[in-house]
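*Asks:* For reference, the file target-v7.txt (compact mmCIF, C-alpha atoms and all ligand atoms) is included below:
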```txt
# COMPACT_ATOMS: atom_id res chain seq x y z
CA MET O 874 110.79 150.46 104.67
CA ALA O 875 109.97 148.06 107.50
CA THR O 876 112.32 146.04 109.70
CA ALA O 877 112.04 142.71 111.47
CA THR O 878 114.32 141.15 114.07
CA ILE O 879 115.60 137.99 112.43
CA GLU O 880 117.75 136.16 114.97
CA ASP O 881 120.94 138.25 115.32
CA ILE O 882 120.10 141.00 112.81
CA GLU O 883 117.53 143.67 111.99
CA MET O 884 116.35 142.85 108.50
CA ALA O 885 115.07 145.68 106.28
CA TYR O 886 112.37 144.81 103.77
CA SER O 887 109.56 146.22 101.64
CA ASP O 888 106.09 144.73 101.73
CA VAL O 889 103.90 146.14 98.98
CA GLY O 890 100.38 145.27 97.82
CA SER O 891 98.07 142.41 98.69
CA GLY O 892 97.19 139.06 97.16
CA PRO O 893 99.34 135.97 96.55
CA ALA O 894 102.86 136.63 97.82
CA VAL O 895 106.00 136.92 95.72
CA VAL O 896 109.34 137.16 97.54
CA PHE O 897 112.15 138.76 95.54
CA ILE O 898 115.74 137.91 96.48
CA HIS O 899 118.45 140.17 95.13
CA GLY O 900 121.86 139.16 93.80
CA TYR O 901 125.39 140.14 94.85
CA PRO O 902 126.38 142.88 95.63
CA PHE O 903 123.00 144.57 95.31
CA ASN O 904 120.01 145.30 97.52
CA ARG O 905 116.23 145.22 97.38
CA SER O 906 116.04 148.23 95.04
CA LEU O 907 117.14 145.79 92.32
CA TRP O 908 113.50 144.73 92.10
CA THR O 909 111.72 148.11 91.94
CA GLU O 910 110.42 147.60 88.38
CA GLN O 911 109.07 144.14 89.19
CA VAL O 912 107.34 145.32 92.38
CA THR O 913 105.66 148.06 90.36
CA ALA O 914 104.52 145.58 87.71
CA LEU O 915 102.93 143.34 90.36
CA ALA O 916 101.23 146.17 92.24
CA GLY O 917 97.49 145.73 92.31
CA THR O 918 97.44 141.95 91.89
CA HIS O 919 100.07 140.53 94.24
CA ARG O 920 101.93 141.12 97.47
CA ALA O 921 105.63 141.75 96.85
CA VAL O 922 107.98 141.10 99.79
CA VAL O 923 111.53 142.25 99.14
CA PRO O 924 114.22 141.82 101.81
CA ASP O 925 117.69 143.26 101.95
CA LEU O 926 119.67 140.08 102.61
CA ARG O 927 121.93 140.20 105.66
CA GLY O 928 124.95 142.40 104.98
CA PHE O 929 123.21 144.29 102.15
CA GLY O 930 121.15 147.45 101.84
CA GLU O 931 119.75 148.53 105.16
CA SER O 932 119.92 145.13 106.89
CA GLY O 933 122.41 144.27 109.60
CA SER O 934 125.42 142.07 108.87
CA GLY O 935 125.75 139.40 111.54
CA ASN O 936 128.71 137.06 111.60
CA MET O 937 130.62 135.71 108.62
CA PRO O 938 130.05 133.84 106.42
CA SER O 939 126.59 134.47 104.94
CA THR O 940 125.97 130.93 103.71
CA MET O 941 123.14 130.36 101.25
CA SER O 942 121.45 128.24 103.86
CA ARG O 943 121.71 131.07 106.42
CA LEU O 944 120.27 133.58 103.92
CA ALA O 945 117.42 131.19 103.03
CA ARG O 946 116.63 130.73 106.72
CA ASP O 947 116.47 134.51 107.15
CA VAL O 948 113.89 134.66 104.35
CA LYS O 949 111.86 131.85 105.92
CA LEU O 950 111.88 133.65 109.28
CA LEU O 951 110.73 136.83 107.54
CA LEU O 952 107.81 134.88 106.02
CA ASP O 953 106.98 133.56 109.51
CA HIS O 954 107.10 137.11 110.85
CA LEU O 955 104.70 138.25 108.12
CA HIS O 956 102.44 135.18 108.56
CA ILE O 957 102.90 134.20 104.92
CA GLU O 958 102.36 130.47 104.54
CA ARG O 959 103.45 130.02 100.92
CA ALA O 960 105.04 132.28 98.34
CA LEU O 961 106.53 132.34 94.90
CA ILE O 962 110.26 132.74 95.51
CA ALA O 963 112.11 134.73 92.85
CA GLY O 964 115.89 135.11 92.88
CA LEU O 965 118.47 136.59 90.57
CA SER O 966 121.99 135.14 90.48
CA MET O 967 123.10 134.82 94.15
CA GLY O 968 119.41 135.33 94.91
CA GLY O 969 118.84 132.20 92.83
CA TYR O 970 121.33 130.24 94.96
CA VAL O 971 119.37 131.39 98.02
CA THR O 972 116.11 130.43 96.28
CA LEU O 973 117.42 126.90 95.63
CA ALA O 974 118.59 126.63 99.26
CA PHE O 975 115.10 127.78 100.32
CA GLN O 976 113.48 125.16 98.06
CA LYS O 977 115.71 122.47 99.57
CA GLU O 978 115.05 123.40 103.18
CA PHE O 979 111.53 124.84 103.18
CA LYS O 980 109.76 123.37 100.16
CA ASP O 981 106.38 123.37 101.91
CA ARG O 982 106.52 127.18 101.85
CA VAL O 983 107.05 127.40 98.08
CA SER O 984 104.27 127.87 95.54
CA GLY O 985 106.60 128.37 92.57
CA LEU O 986 110.10 129.50 91.68
CA LEU O 987 111.51 132.15 89.40
CA LEU O 988 115.22 131.60 88.74
CA ALA O 989 116.88 134.44 86.84
CA ASN O 990 120.46 134.35 85.56
CA THR O 991 121.51 131.78 88.08
CA ARG O 992 122.84 128.22 88.25
CA ALA O 993 122.56 125.06 90.32
CA GLU O 994 126.23 124.09 90.18
CA GLN O 995 128.63 124.92 92.98
CA ASP O 996 131.84 126.90 92.47
CA SER O 997 134.90 125.26 90.94
CA ASP O 998 138.07 125.19 93.09
CA GLU O 999 139.42 128.07 91.01
CA ALA O 1000 136.25 130.13 91.56
CA LYS O 1001 136.44 129.47 95.31
CA ILE O 1002 139.97 130.88 95.41
CA SER O 1003 138.86 133.93 93.44
CA ARG O 1004 135.92 134.48 95.86
CA ARG O 1005 138.36 134.55 98.79
CA GLU O 1006 140.57 137.04 96.96
CA GLN O 1007 137.53 139.20 96.18
CA ALA O 1008 136.44 139.07 99.84
CA GLU O 1009 139.89 140.24 100.91
CA LYS O 1010 139.77 142.97 98.26
CA ALA O 1011 136.36 144.19 99.44
CA LEU O 1012 137.62 144.41 103.01
CA THR O 1013 140.90 146.14 102.21
CA GLU O 1014 139.98 148.34 99.21
CA GLY O 1015 136.23 148.84 99.61
CA MET O 1016 133.52 148.36 96.99
CA ALA O 1017 134.77 150.68 94.22
CA SER O 1018 137.25 148.23 92.73
CA ILE O 1019 134.71 145.40 92.97
CA ALA O 1020 132.12 147.58 91.21
CA ASP O 1021 134.59 148.55 88.48
CA SER O 1022 135.57 144.97 87.74
CA MET O 1023 131.98 143.68 87.78
CA LEU O 1024 130.21 146.42 85.83
CA PRO O 1025 131.33 145.43 82.31
CA LYS O 1026 130.00 141.92 82.94
CA LEU O 1027 126.61 142.99 84.25
CA LEU O 1028 125.24 144.79 81.20
CA THR O 1029 125.64 144.50 77.42
CA PRO O 1030 127.97 147.05 75.77
CA GLU O 1031 124.86 148.45 74.02
CA THR O 1032 123.16 149.14 77.36
CA VAL O 1033 126.33 150.64 78.81
CA SER O 1034 126.49 153.16 75.97
CA LYS O 1035 122.75 153.88 75.70
CA LYS O 1036 121.55 153.83 79.30
CA PRO O 1037 123.99 155.81 81.48
CA ASP O 1038 121.33 156.27 84.18
CA LEU O 1039 120.98 152.53 84.57
CA VAL O 1040 124.75 152.08 84.70
CA LYS O 1041 124.92 154.70 87.45
CA ARG O 1042 122.05 153.14 89.38
CA ILE O 1043 123.73 149.72 89.38
CA ARG O 1044 127.13 151.15 90.27
CA ASP O 1045 125.63 153.20 93.13
CA MET O 1046 123.87 150.10 94.45
CA MET O 1047 127.21 148.27 94.58
CA LEU O 1048 129.04 151.20 96.17
CA LYS O 1049 126.44 151.38 98.95
CA THR O 1050 127.08 147.77 99.94
CA ASP O 1051 128.92 147.26 103.22
CA PRO O 1052 132.27 145.60 102.33
CA LYS O 1053 131.84 143.31 105.34
CA GLY O 1054 128.47 142.15 104.05
CA ALA O 1055 129.93 141.63 100.56
CA ALA O 1056 132.85 139.61 101.94
CA ALA O 1057 130.50 137.48 104.07
CA ALA O 1058 128.36 136.71 101.00
CA LEU O 1059 131.43 135.91 98.86
CA LEU O 1060 132.59 133.36 101.43
CA GLY O 1061 129.05 132.02 101.62
CA MET O 1062 128.84 131.62 97.83
CA ALA O 1063 132.27 129.90 97.79
CA SER O 1064 131.06 127.29 100.27
CA ARG O 1065 127.65 126.70 98.69
CA GLU O 1066 126.59 123.18 97.89
CA ASP O 1067 125.74 121.80 94.50
CA PHE O 1068 121.98 121.91 93.91
CA THR O 1069 121.86 119.90 90.69
CA THR O 1070 120.48 116.78 92.40
CA LEU O 1071 117.67 118.88 93.88
CA LEU O 1072 116.35 119.94 90.47
CA PRO O 1073 114.52 116.72 89.42
CA GLU O 1074 112.72 116.71 92.78
CA ILE O 1075 111.18 120.15 92.29
CA SER O 1076 107.47 119.70 91.75
CA VAL O 1077 106.23 123.32 91.74
CA PRO O 1078 106.14 125.34 88.49
CA VAL O 1079 109.40 127.09 87.68
CA LEU O 1080 110.14 129.99 85.37
CA ILE O 1081 113.80 130.24 84.36
CA ILE O 1082 114.90 133.51 82.81
CA ALA O 1083 118.28 134.05 81.17
CA GLY O 1084 119.85 137.08 79.53
CA ARG O 1085 121.23 135.80 76.23
CA ASP O 1086 124.51 137.71 76.61
CA ASP O 1087 125.27 136.96 80.26
CA ALA O 1088 129.02 136.33 80.56
CA LEU O 1089 128.96 135.95 84.35
CA ILE O 1090 126.51 133.04 84.35
CA PRO O 1091 126.26 131.85 80.75
CA MET O 1092 122.92 130.63 79.37
CA ARG O 1093 123.96 126.97 79.34
CA HIS O 1094 123.39 126.88 83.12
CA SER O 1095 119.77 127.91 82.61
CA GLU O 1096 119.35 125.35 79.83
CA ARG O 1097 120.61 122.61 82.15
CA MET O 1098 118.18 123.65 84.90
CA HIS O 1099 115.35 123.66 82.38
CA GLN O 1100 116.23 120.12 81.25
CA ALA O 1101 116.36 118.87 84.84
CA ILE O 1102 113.17 120.49 86.21
CA THR O 1103 110.02 118.82 84.85
CA ASP O 1104 107.56 121.69 85.20
CA SER O 1105 109.77 124.51 83.94
CA ARG O 1106 109.76 127.10 81.22
CA LEU O 1107 112.93 128.76 79.94
CA ALA O 1108 112.63 132.34 78.69
CA VAL O 1109 115.74 133.70 77.00
CA ILE O 1110 115.80 137.48 76.81
CA ASP O 1111 117.69 139.19 74.00
CA HIS O 1112 119.86 142.28 74.40
CA ALA O 1113 120.43 141.44 78.05
CA ALA O 1114 123.41 140.31 80.10
CA HIS O 1115 123.44 139.58 83.85
CA VAL O 1116 121.06 142.11 85.38
CA VAL O 1117 118.33 141.04 83.00
CA ASN O 1118 115.40 142.33 85.09
CA LEU O 1119 116.64 145.91 84.79
CA GLU O 1120 118.28 145.78 81.40
CA GLN O 1121 115.12 144.46 79.72
CA ALA O 1122 112.56 145.16 82.43
CA GLU O 1123 109.59 145.09 80.06
CA ALA O 1124 110.41 141.69 78.59
CA PHE O 1125 111.25 140.33 82.04
CA ASN O 1126 107.98 141.60 83.50
CA ARG O 1127 105.97 140.16 80.61
CA GLU O 1128 107.35 136.69 81.34
CA MET O 1129 106.92 137.16 85.09
CA MET O 1130 103.30 138.37 84.81
CA GLN O 1131 102.35 135.52 82.49
CA PHE O 1132 103.88 133.08 84.98
CA VAL O 1133 102.22 134.50 88.10
CA THR O 1134 98.86 134.74 86.33
CA GLN O 1135 98.96 131.05 85.39
CA LEU O 1136 100.27 129.86 88.75
CA THR O 1137 97.51 128.02 90.60
CA SER O 1138 99.46 126.50 93.48
CA TRP O 1139 99.39 129.51 95.84
C1 LIG F 1201 125.38 137.81 91.55
O1 LIG F 1201 125.06 138.60 90.64
O2 LIG F 1201 124.62 137.54 92.48
C2 LIG F 1201 126.76 137.19 91.51
O3 LIG F 1201 127.45 137.63 90.41
C3 LIG F 1201 126.69 135.70 91.53
C4 LIG F 1201 128.02 135.05 91.52
O4 LIG F 1201 129.04 135.74 91.62
O5 LIG F 1201 128.08 133.81 91.41
```
Kindly transcribe the structure held in the file into structure tokens.
Ligand code: MLT

*Replies:*
Amino acid sequence: MATATIEDIEMAYSDVGSGPAVVFIHGYPFNRSLWTEQVTALAGTHRAVVPDLRGFGESGSGNMPSTMSRLARDVKLLLDHLHIERALIAGLSMGGYVTLAFQKEFKDRVSGLLLANTRAEQDSDEAKISRREQAEKALTEGMASIADSMLPKLLTPETVSKKPDLVKRIRDMMLKTDPKGAAAALLGMASREDFTTLLPEISVPVLIIAGRDDALIPMRHSERMHQAITDSRLAVIDHAAHVVNLEQAEAFNREMMQFVTQLTSW
């Protein structure tokens, strides 16, 4: 692990391999270990940069809230620190919100986008209220109750029964999250802007990946992004719910490798 001083925090990150850069942005409430299988798949051909977003993993927390714009700026400052001019930005779920914020604010630094199980729409009023309740819950009860309520929505029932090691890995990742960091991200997600008007302006190639059985962010959100982004491909992965890159790592990596191999805009 390496660290970089990014404004008010020490940011932990991994930087593996050499070649065109791919930045992986994890979802909520995870950390950079979410992307281990993808980093391994890229080893030998690409440089994988994987930060722990502020408030997650081994990075510092800073002040509330962790807005998507704040998290995107942290990633941009990390790229500056590493002297990376342009990168493919890949984000899952909340990582996708950060990826879209990055595209909006730093599009000259983007060679392509990978948007996995995410959406461009902002939260409904009801969802915003629920985020605030969840933030309060994280701070008062800790991460166990958050993990318990999220777990059934992250994986298909088939995976839950057949892959206990994966279930444990995902649960452990959530339990390790600092409740303050989780609460800051929840408030940040609640206040995020709507990115739907940004989509038609995206001119770099985009790979959209969706787990067919995702109940947290249903597939229709990916279909809408695909319709709105001219140069996009939608890959729907079967037998996968929300954490598609771990649940069906092989299928995910196949799509990812095909995309990075064809990408010429580095
Ligand atoms: C995530 O996986 O990052 C979150 O579930 C996203 C969200 O709650 O909107």

*Asks:* Would you kindly return, as a list in words, each protein, DNA or RNA residue with an atom no farther than 12 Å from any atom of Gln1135 of chain O, considering only C-alpha atoms and excluding same-chain residues fewer than 6 positions away?

*Replies:* Ser984, Gly985, Pro1078, Val1079, Leu1080, Glu1128 and Met1129 of chain O

*Asks:* Excluding same-chain residues fewer than 5 positions from segment 966-972 of chain O, what lies within 7 Å of it counting only C-alpha atoms, as a PyMOL selection string?

*Replies:* chain O and resi 898-901+941-942+944-945+988-991

*Asks:* Hey, can you pull every residue with an atom no more than 12 Å from (101.0, 138.4, 101.8), using only C-alpha atoms, and send it as a list of chain:residue names?

*Replies:*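 Looking at atoms near the point gives O:Ser887, O:Asp888, O:Val889, O:Gly890, O:Ser891, O:Gly892, O:Pro893, O:Ala894, O:Val895, O:Val896, O:Thr918, O:His919, O:Arg920, O:Ala921, O:Val922, O:Val923, O:Leu951, O:Leu952, O:Asp953, O:His954, O:Leu955, O:His956, O:Ile957, O:Glu958, O:Arg959, O:Ala960, O:Leu961, O:Trp1139.
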
*Asks:* My list of candidates is O:Thr1032, O:Thr909, O:Ser934, O:Ser1003. Which is closest to ligand LIG 1201 (chain F) when distances are computed with only C-alpha atoms and all ligand atoms?

*Replies:* O:Ser1003

*Asks:* So what do you get for atom CA of Gly1061 of chain O versus atom CA of Gly964 of chain O, distance-wise?

*Replies:*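 Atom-to-atom, atom CA of Gly1061 of chain O and atom CA of Gly964 of chain O are spaced 16.1 Å apart.
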
*Asks:* Using all atoms listed in the file, which of O:Ser1076, O:Thr878, O:Gln995, O:Asn936 sits nearest ligand LIG 1201 (chain F)?

*Replies:* O:Gln995

*Asks:* Considering all atoms listed in the file, state which residue in the set O:Val948, O:Ala1108, O:Ala1083, O:Met1098 is at the smallest distance from Ala993 of chain O.

*Replies:*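 The answer is O:Met1098, which sits nearest to Ala993 of chain O.
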
*Asks:* In terms of the shortest atom-to-atom distance over only C-alpha atoms, which of O:Ala1101, O:Leu1024, O:Met1130, O:Ala974 is closest to His1115 of chain O?

*Replies:*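 Smallest separation from His1115 of chain O among the options: O:Leu1024.
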
*Asks:* Please identify all polymer residues within 12 Å of Leu1027 of chain O, counting all atoms listed in the file, omitting same-chain residues fewer than 5 positions from it, and present them as a PyMOL selection string.

*Replies:* chain O and resi 900-903+966+990+1020-1022+1032-1033+1039-1040+1043-1044+1047+1084+1086-1091+1112-1120

*Asks:* So the first atom is atom CA of Asp881 of chain O and the second is atom CA of Lys1010 of chain O; what is the distance between them in Å, to one decimal place?

*Replies:*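 Spanning atom CA of Asp881 of chain O to atom CA of Lys1010 of chain O is a straight-line distance of 25.8 Å.
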
*Asks:* Closest to ligand LIG 1201 (chain F) among O:Leu950, O:Ala1000, O:Ala877, O:Ala916, using only C-alpha atoms and all ligand atoms?

*Replies:* O:Ala1000

*Asks:* Rank nothing, just name the residue among O:Ile962, O:Ala1056, O:Asp1051, O:Phe979 nearest to ligand LIG 1201 (chain F), using all atoms listed in the file.

*Replies:*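 Under the stated criterion, the closest residue is O:Ala1056.
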
*Asks:* For atom CA of Ser932 of chain O and atom CA of Arg1065 of chain O, quote the distance in Å rounded to one decimal.

*Replies:* 21.6 Å

*Asks:* Kindly list the centre and edge lengths in Å, rounded to one decimal, for the axis-aligned box that covers all listed atoms of ligand LIG 1201 (chain F) plus 6 Å on each of its six sides, as lines of an AutoDock Vina configuration file.

*Replies:*
```
center_x = 126.8
center_y = 136.2
center_z = 91.4
size_x = 16.4
size_y = 16.8
size_z = 14.1
```

*Asks:* Do a neighbour search on Glu1074 of chain O at 12 Å with all atoms listed in the file, toss out local chain neighbours closer than 6 positions, and write the hits as a VMD selection string.

*Replies:* chain O and resid 973 976 to 977 980 1068 1098 1101 to 1104
